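Engineer: This is the structure I have questions about; it appears just below.
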Amino acid sequence: MYPEPRYLDAGEAALMVEFADEISPQANALVHWLAATLRLQPVPGLGVPVPAYSSLLVQYDPLRLGRDRLRRHLQIILARPDAGTALARPTRLRQIPAAFGGEYGPDLAAVAALKGLDEAELVRQLCEVIFTVYMVGFLPGFPYLGTLPESLAVPRLTEPRLTVPQGSVAIAGRQAGIYPFTSPGGWQLLGRTPYQMFDPHRDPPAYLAPGDGVRFLPVAMAEYEGLAKDQPWC
């Protein structure tokens, strides 16, 4: 965490507010608290805030809201006593079933060997972690989950795959993620969930939101298809 937020120009119509230069639960909580506050208490000329891991992009109309005025407005908000409540905001816990290894997790064996574990132990340790959704991006509904313990951290693939199946549970560095659609990707694939991460006809369309807790539940291959037909969207 920086001692004070940093305010960086992002073109002529956006200001970046940075709280840290690393993955930090405290910084991420402040990012989403500030974004929520701006949405609830908008000022003329303010655009949609865009949260990331440790920064918030604040878009604005320079003809209606000048940069200096916007910066002062942000400084006043962040000086409020209730800004500290961002560090303990409540979350909901989403438990997500996944089948690991085999065709669903083609990198599981290699990752286990790299970490000096057998596959079952790697899955056990992964499923003990309660992740936090830091942000949603890359693809609609793709959750960036942190934080993996250092003992499970692995590099990205040296050559990304052109096709990663929908629902793939993957790790890279100290992050985990779930691919909402079939797409290219360079993360290590450990398993797959039948749960649909994004559906434009659902409200809300994304199954996970920033601040959610996530825990993976290992299931047998035979359970996979049945679970796909009975998904809790509430």
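Identifiers for the structure tokens are assigned positionally: chains receive A, B, ... in sequence, residues are indexed from 1 per chain, and ligands are indexed from 1 in the order shown.
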Quick one: residues within 10 Å of Leu126 (chain A), only C-alpha atoms, excluding same-chain residues fewer than 6 positions away - as a PyMOL selection string?

Structural biologist: chain A and resi 120+148-149+152+171+176+190+215-218

Engineer: Next, dump the selected residues to file, keeping only C-alpha atoms, as a compact mmCIF listing (two decimals), in the first residue's frame.

Structural biologist:
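This is the output file result-v6.txt:
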# COMPACT_ATOMS: atom_id res chain seq x y z
CA ALA A 120 -4.44 -35.45 -5.05
CA LEU A 148 -2.68 -18.62 -3.97
CA PRO A 149 -0.07 -19.50 -1.34
CA LEU A 152 1.32 -23.35 -5.21
CA ILE A 171 -3.70 -20.81 -12.13
CA ALA A 176 -6.49 -18.42 -10.11
CA LEU A 190 -6.00 -27.85 -13.43
CA ARG A 215 -13.85 -22.05 -2.75
CA PHE A 216 -13.46 -24.97 -5.15
CA LEU A 217 -15.12 -28.30 -4.35
CA PRO A 218 -13.57 -31.38 -6.01

Engineer: Find the residues around region 105-113 of chain A up to 12 Å (only C-alpha atoms counted), leave out those fewer than 2 positions away in its own chain, and share them as a short mmCIF file (atom, residue, chain, number, x, y, z; two decimals) with C-alpha atoms, in the first residue's frame.

Structural biologist:
data_model
loop_
_atom_site.label_atom_id
_atom_site.label_comp_id
_atom_site.auth_asym_id
_atom_site.auth_seq_id
_atom_site.Cartn_x
_atom_site.Cartn_y
_atom_site.Cartn_z
CA ALA A 98 -14.82 -28.73 -10.35
CA ALA A 99 -13.44 -31.96 -11.79
CA PHE A 100 -9.64 -31.98 -11.67
CA GLY A 101 -7.09 -33.70 -13.87
CA GLY A 102 -7.55 -35.85 -16.94
CA GLU A 103 -9.14 -34.16 -19.91
CA LYS A 115 5.69 -28.40 -6.86
CA GLY A 116 6.85 -31.82 -5.63
CA LEU A 117 3.31 -32.98 -4.83
CA ASP A 118 1.09 -35.78 -6.01
CA GLU A 119 -2.02 -34.71 -7.88
CA ALA A 120 -4.44 -35.45 -5.05
CA GLU A 121 -2.41 -33.36 -2.60
CA LEU A 122 -2.22 -30.44 -5.01
CA VAL A 123 -5.99 -30.51 -5.46
CA ARG A 124 -6.49 -30.75 -1.70
CA GLN A 125 -4.32 -27.70 -1.05
CA LEU A 126 -6.00 -25.73 -3.84
CA SER A 151 3.82 -22.98 -2.33
CA LEU A 152 1.32 -23.35 -5.21
CA ALA A 153 2.49 -20.45 -7.37
CA VAL A 154 3.48 -21.43 -10.92
CA PRO A 155 4.46 -19.51 -14.07
CA ARG A 156 2.20 -19.07 -17.06
CA LEU A 157 2.68 -21.39 -20.01
CA ARG A 161 -3.06 -22.34 -25.93
CA VAL A 164 -9.05 -23.19 -23.57
CA PRO A 165 -12.43 -24.86 -22.88
CA GLY A 167 -15.25 -23.49 -17.41
CA SER A 168 -11.54 -24.27 -17.15
CA VAL A 169 -10.08 -23.65 -13.68
CA ALA A 170 -6.57 -22.29 -14.10
CA ILE A 171 -3.70 -20.81 -12.13
CA ALA A 172 -0.79 -18.50 -12.95
CA GLY A 173 1.55 -16.81 -10.53
CA GLY A 186 -1.86 -19.00 -21.17
CA TRP A 187 -2.67 -20.16 -17.64
CA GLN A 188 -2.08 -23.68 -16.28
CA LEU A 189 -5.29 -25.74 -16.51
CA LEU A 190 -6.00 -27.85 -13.43
CA GLY A 191 -9.70 -28.64 -13.76
CA ARG A 192 -13.08 -27.56 -15.06
CA THR A 193 -16.37 -26.48 -13.56
CA MET A 221 -15.91 -36.97 -13.29
#

Engineer: Counting only C-alpha atoms, figure out which residue out of A:Leu38, A:Leu46, A:Ala228, A:Ala52 gets nearest to Phe19 (chain A).

Structural biologist: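 Among the listed residues, the smallest separation from Phe19 (chain A) belongs to A:Ala52.
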
Engineer: Do a neighbour search on region 12-17 of chain A at 10 Å with only C-alpha atoms, toss out local chain neighbours closer than 3 positions, and write the hits as a PyMOL selection string.

Structural biologist: chain A and resi 5-9+20+31+34+46-47+49-51+54-63+65-67+70-71+74

Engineer: Using only C-alpha atoms, which protein or nucleic acid residues come within 9 Å of region 137-146 of chain A? Drop anything in the same chain fewer than 6 positions from it, and give the result as a PyMOL selection string.

Structural biologist: chain A and resi 23+25+52-53+130-131+174-181+183+197-199+205-210+213-214

Engineer: Run DSSP on the backbone of this structure and report the residues of region 13-85 of chain A it assigns to strand (DSSP E or B), as a list in words.

Structural biologist: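 Here are the strand (DSSP E or B) residues of region 13-85 of chain A: Ala14, Leu15, Met16, Val17, Glu18, Leu46, Gly47, Val48, Pro49, Val50, Pro51, Ser55, Leu56, Leu57, Val58, Gln59 and Tyr60 of chain A.
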
Engineer: Work out how far apart CA of Tyr134 (chain A) and CA of Trp33 (chain A) are and give it in Å to one decimal.

Structural biologist: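 Straight-line distance from CA of Tyr134 (chain A) to CA of Trp33 (chain A) works out to 12.4 Å.
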